[in-house]
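Taking it in order: structure first as structure tokens, then the write-up.
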Amino acid sequence: MRHCRREDQIRFHPTLPYSVVMTDTTTPARALFLPTARQTNFLLIVAFLCLGEAMYLRYMVMENSTMSLACQSGLTTWLCESFRLVSVLYPRQAFGWVALVLALVNFVRPSILLVAVALAAAAFGVVLHNADLSALAAGVLILSLARPASTAE
């Protein structure tokens, strides 16, 4: 048990002459969820790669009529398979919903892996016309940086 001087435990309020304010000196403040420099670099790489891939899919395949028609006629390349996957997920706003759900889970229980996957889904969602849910997810991810970090038990 830690012994404290009486002056550390009780202090007087400066504006009220006879009031006593008790302070709790035994409970330390929990640290905020803040990624390290290495984790931040990893998150930047994930975000930019996903943003670049989403832009490539949108502008070089989905909005390029020649490539879009070739993929729709049955061309079997990785690019056309990605196009088909995005075409299935796009109308259901899957990127925005995945980003939002993972961001909310991260808000409750912060984890660098959840941030990375939610950031990737948000990047795809913003570029591929799921901007409303993806932007909300990005806002929740920013708010999660102000949450206390989870304690290892």
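FYI, nothing fancy with the structure tokens labels: chains A, B, ... in order, residues from 1 per chain, ligands from 1 as they appear.
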key: Shell around Leu136 of chain A at 10 Å using only C-alpha atoms, local window under 2 positions removed, as a list in words   = Gly96, Trp97, Ala99, Leu100, Ala103, Ala122, Ala131, Asp132, Leu133, Ser134, Ala138, Gly139, Val140, Leu141 and Ile142 of chain A
Output file for the residues above (C-alpha atoms, as a tab-separated table (two decimals), in the first residue's frame):
chain	number	residue	atom	x	y	z
A	96	GLY	CA	-19.47	0.49	-46.56
A	97	TRP	CA	-21.23	-1.96	-44.23
A	99	ALA	CA	-16.10	-0.80	-42.89
A	100	LEU	CA	-18.78	0.53	-40.54
A	103	ALA	CA	-15.02	0.48	-37.17
A	122	ALA	CA	-13.48	2.25	-46.23
A	131	ALA	CA	-19.20	6.85	-49.72
A	132	ASP	CA	-21.93	7.45	-47.14
A	133	LEU	CA	-21.27	4.40	-44.95
A	134	SER	CA	-17.54	4.41	-45.66
A	138	ALA	CA	-13.74	6.64	-41.31
A	139	GLY	CA	-15.16	9.08	-38.78
A	140	VAL	CA	-15.66	6.29	-36.24
A	141	LEU	CA	-12.07	5.15	-36.87
A	142	ILE	CA	-10.85	8.65	-36.10
message = With only C-alpha atoms as the counted atoms, please give the residues lying no more than 10 Å from Leu51 of chain A, apart from itself and same-chain residues fewer than 6 positions off, as a list in words.
response =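 Near Leu51 of chain A, the qualifying residues are Ile45, Leu57, Leu119, Ala120, Ala121, Ala122, Ala123, Phe124, Gly125, Val126, Val127 and Leu128 of chain A.
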request  = List the neighbours of Val61 of chain A out to 10 Å using only C-alpha atoms; skip same-chain residues closer than 3 positions along the sequence, and give me the result as a PyMOL selection string.
outcome  = chain A and resi 55-58+64-71+79-80+82-83
Same residues, C-alpha atoms, saved as a tab-separated table (two decimals), in the first residue's frame:
chain	number	residue	atom	x	y	z
A	55	MET	CA	-9.19	3.53	-58.29
A	56	TYR	CA	-7.64	1.12	-60.79
A	57	LEU	CA	-10.75	-1.09	-60.73
A	58	ARG	CA	-13.10	1.83	-61.08
A	64	ASN	CA	-13.57	1.74	-69.38
A	65	SER	CA	-16.13	0.39	-71.85
A	66	THR	CA	-13.70	-1.81	-73.77
A	67	MET	CA	-12.41	-3.62	-70.70
A	68	SER	CA	-15.84	-3.77	-69.09
A	69	LEU	CA	-17.37	-5.40	-72.19
A	70	ALA	CA	-14.47	-7.86	-72.44
A	71	CYS	CA	-14.97	-8.89	-68.80
A	79	LEU	CA	-8.80	-8.25	-63.29
A	80	CYS	CA	-12.11	-9.55	-64.65
A	82	SER	CA	-12.08	-8.67	-59.42
A	83	PHE	CA	-14.56	-6.80	-61.61
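Remark: for Ser87 of chain A, the closest of the candidate residues A:Thr36, A:Asn106, A:Ser111, A:Gln72 is A:Gln72 (distances computed over only C-alpha atoms).
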query = Which residues, written as a VMD selection string, have at least one atom at most 7 Å from Val46 of chain A, with only C-alpha atoms counted and residues fewer than 3 positions away on the same chain left out?
reply = chain A and resid 42 to 43 49 to 50 116 120
Same residues, N, CA and C atoms, saved as an mmCIF file, in the first residue's frame:
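So the final result, stored in result00.cif, reads:
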data_model
loop_
_atom_site.group_PDB
_atom_site.id
_atom_site.type_symbol
_atom_site.label_atom_id
_atom_site.label_comp_id
_atom_site.auth_asym_id
_atom_site.auth_seq_id
_atom_site.Cartn_x
_atom_site.Cartn_y
_atom_site.Cartn_z
ATOM 1 N N PHE A 42 2.414 0.857 -41.449
ATOM 2 C CA PHE A 42 1.657 -0.273 -41.977
ATOM 3 C C PHE A 42 0.264 0.167 -42.400
ATOM 4 N N LEU A 43 -0.404 0.983 -41.580
ATOM 5 C CA LEU A 43 -1.745 1.469 -41.921
ATOM 6 C C LEU A 43 -1.731 2.359 -43.160
ATOM 7 N N LEU A 49 -2.524 1.267 -50.770
ATOM 8 C CA LEU A 49 -2.663 0.144 -51.696
ATOM 9 C C LEU A 49 -4.135 -0.121 -52.020
ATOM 10 N N CYS A 50 -4.987 -0.101 -51.010
ATOM 11 C CA CYS A 50 -6.415 -0.336 -51.250
ATOM 12 C C CYS A 50 -7.040 0.808 -52.041
ATOM 13 N N ALA A 116 -6.868 -1.788 -39.646
ATOM 14 C CA ALA A 116 -6.354 -2.024 -40.995
ATOM 15 C C ALA A 116 -7.445 -2.529 -41.933
ATOM 16 N N ALA A 120 -9.141 -0.478 -45.039
ATOM 17 C CA ALA A 120 -9.139 -1.014 -46.400
ATOM 18 C C ALA A 120 -10.545 -1.019 -46.982
#
task = Show which residues sit within 10 Å of Leu104 of chain A, as an NGL selection string. Count only C-alpha atoms, and ignore same-chain residues fewer than 6 positions away.
result = :A and (98 or 110 or 114 or 118 or 137 or 140-141 or 143-144)
Could you please take those selected residues and save N, CA and C atoms as a compact mmCIF listing (two decimals), in the first residue's frame?
# COMPACT_ATOMS: atom_id res chain seq x y z
N VAL A 98 -19.20 -3.30 -44.23
CA VAL A 98 -18.06 -3.98 -43.60
C VAL A 98 -17.19 -2.96 -42.87
N PRO A 110 -10.38 -1.61 -29.25
CA PRO A 110 -9.37 -1.18 -30.23
C PRO A 110 -8.34 -2.26 -30.54
N LEU A 114 -8.12 -4.63 -36.70
CA LEU A 114 -9.45 -4.11 -37.04
C LEU A 114 -9.34 -2.77 -37.76
N ALA A 118 -10.77 -2.30 -41.53
CA ALA A 118 -11.81 -1.27 -41.69
C ALA A 118 -11.33 -0.14 -42.60
N ALA A 137 -17.73 5.31 -41.37
CA ALA A 137 -16.76 4.38 -40.78
C ALA A 137 -15.41 5.07 -40.55
N VAL A 140 -15.71 7.13 -37.44
CA VAL A 140 -15.66 6.29 -36.24
C VAL A 140 -14.23 5.82 -35.98
N LEU A 141 -13.48 5.53 -37.04
CA LEU A 141 -12.07 5.15 -36.87
C LEU A 141 -11.26 6.29 -36.26
N LEU A 143 -12.51 8.64 -34.32
CA LEU A 143 -12.95 8.73 -32.93
C LEU A 143 -12.35 7.63 -32.06
N SER A 144 -12.06 6.49 -32.65
CA SER A 144 -11.50 5.39 -31.86
C SER A 144 -10.09 5.70 -31.36
query = Neighbours of Ala146 of chain A within 10 Å (only C-alpha atoms; same-chain residues fewer than 4 positions away dropped), as a PyMOL selection string?
reply = chain A and resi 31-34+107+141-142
What are the DSSP alpha helix (DSSP H) residues of segment 7-138 of chain A, as an mmCIF file with N, CA and C atoms, in the first residue's frame?
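Generated output (selection19.cif):
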data_model
loop_
_atom_site.group_PDB
_atom_site.id
_atom_site.type_symbol
_atom_site.label_atom_id
_atom_site.label_comp_id
_atom_site.auth_asym_id
_atom_site.auth_seq_id
_atom_site.Cartn_x
_atom_site.Cartn_y
_atom_site.Cartn_z
ATOM 1 N N GLU A 7 -1.361 16.419 2.432
ATOM 2 C CA GLU A 7 -1.472 17.524 1.478
ATOM 3 C C GLU A 7 -1.710 17.007 0.065
ATOM 4 N N ASP A 8 -1.265 15.782 -0.257
ATOM 5 C CA ASP A 8 -1.495 15.210 -1.583
ATOM 6 C C ASP A 8 -2.945 14.770 -1.749
ATOM 7 N N GLN A 9 -3.596 14.378 -0.670
ATOM 8 C CA GLN A 9 -4.948 13.851 -0.752
ATOM 9 C C GLN A 9 -6.014 14.928 -0.664
ATOM 10 N N ALA A 37 4.792 4.082 -34.467
ATOM 11 C CA ALA A 37 5.255 4.565 -35.776
ATOM 12 C C ALA A 37 5.246 3.436 -36.803
ATOM 13 N N ARG A 38 5.658 2.254 -36.415
ATOM 14 C CA ARG A 38 5.664 1.107 -37.328
ATOM 15 C C ARG A 38 4.235 0.739 -37.728
ATOM 16 N N GLN A 39 3.311 0.750 -36.778
ATOM 17 C CA GLN A 39 1.918 0.435 -37.075
ATOM 18 C C GLN A 39 1.292 1.507 -37.967
ATOM 19 N N THR A 40 1.651 2.758 -37.741
ATOM 20 C CA THR A 40 1.145 3.843 -38.581
ATOM 21 C C THR A 40 1.631 3.690 -40.013
ATOM 22 N N ASN A 41 2.904 3.317 -40.185
ATOM 23 C CA ASN A 41 3.427 3.077 -41.535
ATOM 24 C C ASN A 41 2.696 1.918 -42.202
ATOM 25 N N PHE A 42 2.414 0.857 -41.449
ATOM 26 C CA PHE A 42 1.657 -0.273 -41.977
ATOM 27 C C PHE A 42 0.264 0.167 -42.400
ATOM 28 N N LEU A 43 -0.404 0.983 -41.580
ATOM 29 C CA LEU A 43 -1.745 1.469 -41.921
ATOM 30 C C LEU A 43 -1.731 2.359 -43.160
ATOM 31 N N LEU A 44 -0.692 3.172 -43.308
ATOM 32 C CA LEU A 44 -0.571 4.012 -44.505
ATOM 33 C C LEU A 44 -0.393 3.164 -45.754
ATOM 34 N N ILE A 45 0.422 2.116 -45.657
ATOM 35 C CA ILE A 45 0.633 1.228 -46.803
ATOM 36 C C ILE A 45 -0.675 0.538 -47.180
ATOM 37 N N VAL A 46 -1.394 0.016 -46.188
ATOM 38 C CA VAL A 46 -2.678 -0.644 -46.451
ATOM 39 C C VAL A 46 -3.660 0.324 -47.098
ATOM 40 N N ALA A 47 -3.757 1.528 -46.548
ATOM 41 C CA ALA A 47 -4.717 2.506 -47.064
ATOM 42 C C ALA A 47 -4.401 2.900 -48.502
ATOM 43 N N PHE A 48 -3.144 3.185 -48.785
ATOM 44 C CA PHE A 48 -2.799 3.625 -50.142
ATOM 45 C C PHE A 48 -2.886 2.497 -51.159
ATOM 46 N N LEU A 49 -2.524 1.267 -50.770
ATOM 47 C CA LEU A 49 -2.663 0.144 -51.696
ATOM 48 C C LEU A 49 -4.135 -0.121 -52.020
ATOM 49 N N CYS A 50 -4.987 -0.101 -51.010
ATOM 50 C CA CYS A 50 -6.415 -0.336 -51.250
ATOM 51 C C CYS A 50 -7.040 0.808 -52.041
ATOM 52 N N LEU A 51 -6.639 2.019 -51.742
ATOM 53 C CA LEU A 51 -7.142 3.159 -52.494
ATOM 54 C C LEU A 51 -6.704 3.081 -53.955
ATOM 55 N N GLY A 52 -5.458 2.724 -54.195
ATOM 56 C CA GLY A 52 -4.948 2.578 -55.560
ATOM 57 C C GLY A 52 -5.633 1.460 -56.318
ATOM 58 N N GLU A 53 -5.838 0.321 -55.666
ATOM 59 C CA GLU A 53 -6.523 -0.796 -56.322
ATOM 60 C C GLU A 53 -7.972 -0.444 -56.640
ATOM 61 N N ALA A 54 -8.636 0.238 -55.728
ATOM 62 C CA ALA A 54 -10.024 0.635 -55.965
ATOM 63 C C ALA A 54 -10.114 1.625 -57.120
ATOM 64 N N MET A 55 -9.184 2.569 -57.179
ATOM 65 C CA MET A 55 -9.195 3.525 -58.286
ATOM 66 C C MET A 55 -8.894 2.833 -59.614
ATOM 67 N N TYR A 56 -7.964 1.868 -59.581
ATOM 68 C CA TYR A 56 -7.644 1.119 -60.791
ATOM 69 C C TYR A 56 -8.861 0.342 -61.270
ATOM 70 N N SER A 65 -15.133 1.229 -71.179
ATOM 71 C CA SER A 65 -16.128 0.393 -71.850
ATOM 72 C C SER A 65 -15.506 -0.817 -72.540
ATOM 73 N N THR A 66 -14.330 -0.687 -73.094
ATOM 74 C CA THR A 66 -13.700 -1.812 -73.774
ATOM 75 C C THR A 66 -13.384 -2.938 -72.806
ATOM 76 N N MET A 67 -12.772 -2.608 -71.694
ATOM 77 C CA MET A 67 -12.410 -3.624 -70.705
ATOM 78 C C MET A 67 -13.646 -4.182 -70.015
ATOM 79 N N SER A 68 -14.610 -3.324 -69.734
ATOM 80 C CA SER A 68 -15.840 -3.765 -69.091
ATOM 81 C C SER A 68 -16.597 -4.755 -69.969
ATOM 82 N N LEU A 69 -16.691 -4.485 -71.262
ATOM 83 C CA LEU A 69 -17.366 -5.402 -72.185
ATOM 84 C C LEU A 69 -16.606 -6.712 -72.331
ATOM 85 N N ALA A 70 -15.275 -6.633 -72.341
ATOM 86 C CA ALA A 70 -14.470 -7.859 -72.436
ATOM 87 C C ALA A 70 -14.684 -8.734 -71.204
ATOM 88 N N CYS A 71 -14.747 -8.128 -70.033
ATOM 89 C CA CYS A 71 -14.974 -8.894 -68.799
ATOM 90 C C CYS A 71 -16.381 -9.469 -68.764
ATOM 91 N N GLN A 72 -17.349 -8.708 -69.243
ATOM 92 C CA GLN A 72 -18.725 -9.189 -69.240
ATOM 93 C C GLN A 72 -18.956 -10.291 -70.265
ATOM 94 N N TRP A 78 -7.445 -12.139 -63.698
ATOM 95 C CA TRP A 78 -7.644 -11.713 -62.311
ATOM 96 C C TRP A 78 -8.373 -10.374 -62.264
ATOM 97 N N LEU A 79 -8.140 -9.552 -63.249
ATOM 98 C CA LEU A 79 -8.802 -8.254 -63.293
ATOM 99 C C LEU A 79 -10.309 -8.413 -63.525
ATOM 100 N N CYS A 80 -10.685 -9.324 -64.407
ATOM 101 C CA CYS A 80 -12.113 -9.551 -64.654
ATOM 102 C C CYS A 80 -12.773 -10.253 -63.479
ATOM 103 N N GLU A 81 -12.051 -11.120 -62.799
ATOM 104 C CA GLU A 81 -12.611 -11.753 -61.595
ATOM 105 C C GLU A 81 -12.825 -10.712 -60.500
ATOM 106 N N SER A 82 -11.904 -9.771 -60.372
ATOM 107 C CA SER A 82 -12.079 -8.668 -59.417
ATOM 108 C C SER A 82 -13.272 -7.808 -59.809
ATOM 109 N N PHE A 83 -13.425 -7.571 -61.108
ATOM 110 C CA PHE A 83 -14.561 -6.803 -61.609
ATOM 111 C C PHE A 83 -15.875 -7.494 -61.272
ATOM 112 N N ARG A 84 -15.939 -8.807 -61.456
ATOM 113 C CA ARG A 84 -17.162 -9.543 -61.142
ATOM 114 C C ARG A 84 -17.464 -9.515 -59.645
ATOM 115 N N LEU A 85 -16.429 -9.649 -58.820
ATOM 116 C CA LEU A 85 -16.626 -9.597 -57.375
ATOM 117 C C LEU A 85 -17.140 -8.229 -56.934
ATOM 118 N N VAL A 86 -16.552 -7.177 -57.462
ATOM 119 C CA VAL A 86 -16.998 -5.821 -57.124
ATOM 120 C C VAL A 86 -18.407 -5.583 -57.643
ATOM 121 N N SER A 87 -18.731 -6.140 -58.809
ATOM 122 C CA SER A 87 -20.079 -5.973 -59.361
ATOM 123 C C SER A 87 -21.132 -6.654 -58.498
ATOM 124 N N VAL A 88 -20.765 -7.730 -57.819
ATOM 125 C CA VAL A 88 -21.705 -8.403 -56.924
ATOM 126 C C VAL A 88 -21.831 -7.642 -55.606
ATOM 127 N N LEU A 89 -20.719 -7.129 -55.086
ATOM 128 C CA LEU A 89 -20.721 -6.463 -53.781
ATOM 129 C C LEU A 89 -21.210 -5.016 -53.834
ATOM 130 N N ALA A 94 -21.624 -3.413 -49.719
ATOM 131 C CA ALA A 94 -20.890 -4.305 -48.824
ATOM 132 C C ALA A 94 -19.638 -3.638 -48.253
ATOM 133 N N PHE A 95 -18.948 -2.858 -49.060
ATOM 134 C CA PHE A 95 -17.723 -2.219 -48.564
ATOM 135 C C PHE A 95 -18.034 -1.241 -47.436
ATOM 136 N N GLY A 96 -19.092 -0.463 -47.600
ATOM 137 C CA GLY A 96 -19.470 0.490 -46.561
ATOM 138 C C GLY A 96 -19.936 -0.197 -45.291
ATOM 139 N N TRP A 97 -20.741 -1.254 -45.420
ATOM 140 C CA TRP A 97 -21.227 -1.960 -44.235
ATOM 141 C C TRP A 97 -20.094 -2.666 -43.497
ATOM 142 N N VAL A 98 -19.197 -3.302 -44.233
ATOM 143 C CA VAL A 98 -18.059 -3.977 -43.595
ATOM 144 C C VAL A 98 -17.192 -2.958 -42.875
ATOM 145 N N ALA A 99 -16.924 -1.841 -43.513
ATOM 146 C CA ALA A 99 -16.104 -0.803 -42.893
ATOM 147 C C ALA A 99 -16.770 -0.260 -41.636
ATOM 148 N N LEU A 100 -18.071 -0.025 -41.694
ATOM 149 C CA LEU A 100 -18.782 0.527 -40.542
ATOM 150 C C LEU A 100 -18.840 -0.460 -39.386
ATOM 151 N N VAL A 101 -19.145 -1.713 -39.665
ATOM 152 C CA VAL A 101 -19.208 -2.719 -38.593
ATOM 153 C C VAL A 101 -17.848 -2.894 -37.939
ATOM 154 N N LEU A 102 -16.795 -3.003 -38.739
ATOM 155 C CA LEU A 102 -15.458 -3.168 -38.168
ATOM 156 C C LEU A 102 -15.000 -1.927 -37.411
ATOM 157 N N ALA A 103 -15.379 -0.751 -37.885
ATOM 158 C CA ALA A 103 -15.015 0.480 -37.169
ATOM 159 C C ALA A 103 -15.729 0.559 -35.826
ATOM 160 N N LEU A 104 -16.989 0.125 -35.781
ATOM 161 C CA LEU A 104 -17.718 0.131 -34.507
ATOM 162 C C LEU A 104 -17.153 -0.901 -33.533
ATOM 163 N N VAL A 105 -16.773 -2.069 -34.044
ATOM 164 C CA VAL A 105 -16.126 -3.070 -33.179
ATOM 165 C C VAL A 105 -14.794 -2.534 -32.677
ATOM 166 N N ASN A 106 -14.056 -1.855 -33.550
ATOM 167 C CA ASN A 106 -12.787 -1.260 -33.138
ATOM 168 C C ASN A 106 -12.997 -0.152 -32.116
ATOM 169 N N PHE A 107 -14.109 0.557 -32.215
ATOM 170 C CA PHE A 107 -14.403 1.615 -31.248
ATOM 171 C C PHE A 107 -14.609 1.034 -29.857
ATOM 172 N N VAL A 108 -15.231 -0.136 -29.795
ATOM 173 C CA VAL A 108 -15.469 -0.792 -28.513
ATOM 174 C C VAL A 108 -14.205 -1.474 -28.001
ATOM 175 N N ILE A 112 -5.222 -3.026 -33.832
ATOM 176 C CA ILE A 112 -4.590 -2.527 -35.052
ATOM 177 C C ILE A 112 -5.062 -3.322 -36.268
ATOM 178 N N LEU A 113 -5.379 -4.600 -36.098
ATOM 179 C CA LEU A 113 -5.875 -5.411 -37.203
ATOM 180 C C LEU A 113 -7.261 -4.945 -37.645
ATOM 181 N N LEU A 114 -8.120 -4.632 -36.696
ATOM 182 C CA LEU A 114 -9.449 -4.108 -37.043
ATOM 183 C C LEU A 114 -9.343 -2.766 -37.759
ATOM 184 N N VAL A 115 -8.425 -1.928 -37.314
ATOM 185 C CA VAL A 115 -8.228 -0.631 -37.976
ATOM 186 C C VAL A 115 -7.788 -0.845 -39.426
ATOM 187 N N ALA A 116 -6.868 -1.788 -39.646
ATOM 188 C CA ALA A 116 -6.354 -2.024 -40.995
ATOM 189 C C ALA A 116 -7.445 -2.529 -41.933
ATOM 190 N N VAL A 117 -8.247 -3.503 -41.484
ATOM 191 C CA VAL A 117 -9.283 -4.056 -42.353
ATOM 192 C C VAL A 117 -10.401 -3.032 -42.574
ATOM 193 N N ALA A 118 -10.775 -2.300 -41.535
ATOM 194 C CA ALA A 118 -11.809 -1.272 -41.688
ATOM 195 C C ALA A 118 -11.326 -0.145 -42.600
ATOM 196 N N LEU A 119 -10.062 0.212 -42.487
ATOM 197 C CA LEU A 119 -9.497 1.249 -43.352
ATOM 198 C C LEU A 119 -9.474 0.792 -44.810
ATOM 199 N N ALA A 120 -9.141 -0.478 -45.039
ATOM 200 C CA ALA A 120 -9.139 -1.014 -46.400
ATOM 201 C C ALA A 120 -10.545 -1.019 -46.982
ATOM 202 N N ALA A 121 -11.519 -1.468 -46.204
ATOM 203 C CA ALA A 121 -12.902 -1.490 -46.691
ATOM 204 C C ALA A 121 -13.427 -0.077 -46.919
ATOM 205 N N ALA A 122 -13.050 0.856 -46.057
ATOM 206 C CA ALA A 122 -13.480 2.245 -46.231
ATOM 207 C C ALA A 122 -12.867 2.860 -47.488
ATOM 208 N N ALA A 123 -11.610 2.535 -47.763
ATOM 209 C CA ALA A 123 -10.962 3.056 -48.973
ATOM 210 C C ALA A 123 -11.670 2.531 -50.221
ATOM 211 N N PHE A 124 -11.976 1.233 -50.256
ATOM 212 C CA PHE A 124 -12.722 0.684 -51.382
ATOM 213 C C PHE A 124 -14.114 1.314 -51.476
ATOM 214 N N GLY A 125 -14.762 1.478 -50.348
ATOM 215 C CA GLY A 125 -16.117 2.014 -50.358
ATOM 216 C C GLY A 125 -16.201 3.449 -50.832
ATOM 217 N N VAL A 126 -15.246 4.269 -50.440
ATOM 218 C CA VAL A 126 -15.269 5.677 -50.856
ATOM 219 C C VAL A 126 -15.087 5.793 -52.371
ATOM 220 N N VAL A 127 -14.190 5.004 -52.923
ATOM 221 C CA VAL A 127 -13.938 5.095 -54.361
ATOM 222 C C VAL A 127 -15.048 4.427 -55.169
ATOM 223 N N ALA A 131 -19.855 5.794 -50.484
ATOM 224 C CA ALA A 131 -19.200 6.846 -49.717
ATOM 225 C C ALA A 131 -19.905 7.180 -48.415
ATOM 226 N N ASP A 132 -21.222 7.043 -48.350
ATOM 227 C CA ASP A 132 -21.929 7.449 -47.138
ATOM 228 C C ASP A 132 -21.531 6.583 -45.938
ATOM 229 N N LEU A 133 -21.637 5.282 -46.060
ATOM 230 C CA LEU A 133 -21.271 4.399 -44.951
ATOM 231 C C LEU A 133 -19.759 4.374 -44.718
ATOM 232 N N SER A 134 -18.993 4.448 -45.796
ATOM 233 C CA SER A 134 -17.536 4.412 -45.657
ATOM 234 C C SER A 134 -17.013 5.670 -44.970
ATOM 235 N N ALA A 135 -17.593 6.805 -45.273
ATOM 236 C CA ALA A 135 -17.174 8.039 -44.611
ATOM 237 C C ALA A 135 -17.557 8.017 -43.137
ATOM 238 N N LEU A 136 -18.709 7.468 -42.823
ATOM 239 C CA LEU A 136 -19.101 7.311 -41.422
ATOM 240 C C LEU A 136 -18.137 6.380 -40.697
ATOM 241 N N ALA A 137 -17.730 5.309 -41.366
ATOM 242 C CA ALA A 137 -16.760 4.383 -40.784
ATOM 243 C C ALA A 137 -15.410 5.071 -40.552
ATOM 244 N N ALA A 138 -14.992 5.907 -41.487
ATOM 245 C CA ALA A 138 -13.738 6.638 -41.315
ATOM 246 C C ALA A 138 -13.816 7.583 -40.117
#
message = One decimal, in Å: what's the spacing between atom CA of His129 of chain A and atom CA of Leu75 of chain A?
response =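 Answer for the atom CA of His129 of chain A to atom CA of Leu75 of chain A separation: 24.6 Å.
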request  = Pull the strand (DSSP E or B) assignments for segment 8-145 of chain A out of DSSP run on the backbone, and list those residues as JSON, numbers by chain.
outcome  = {"A": [10, 11, 12, 20, 21, 22, 32]}
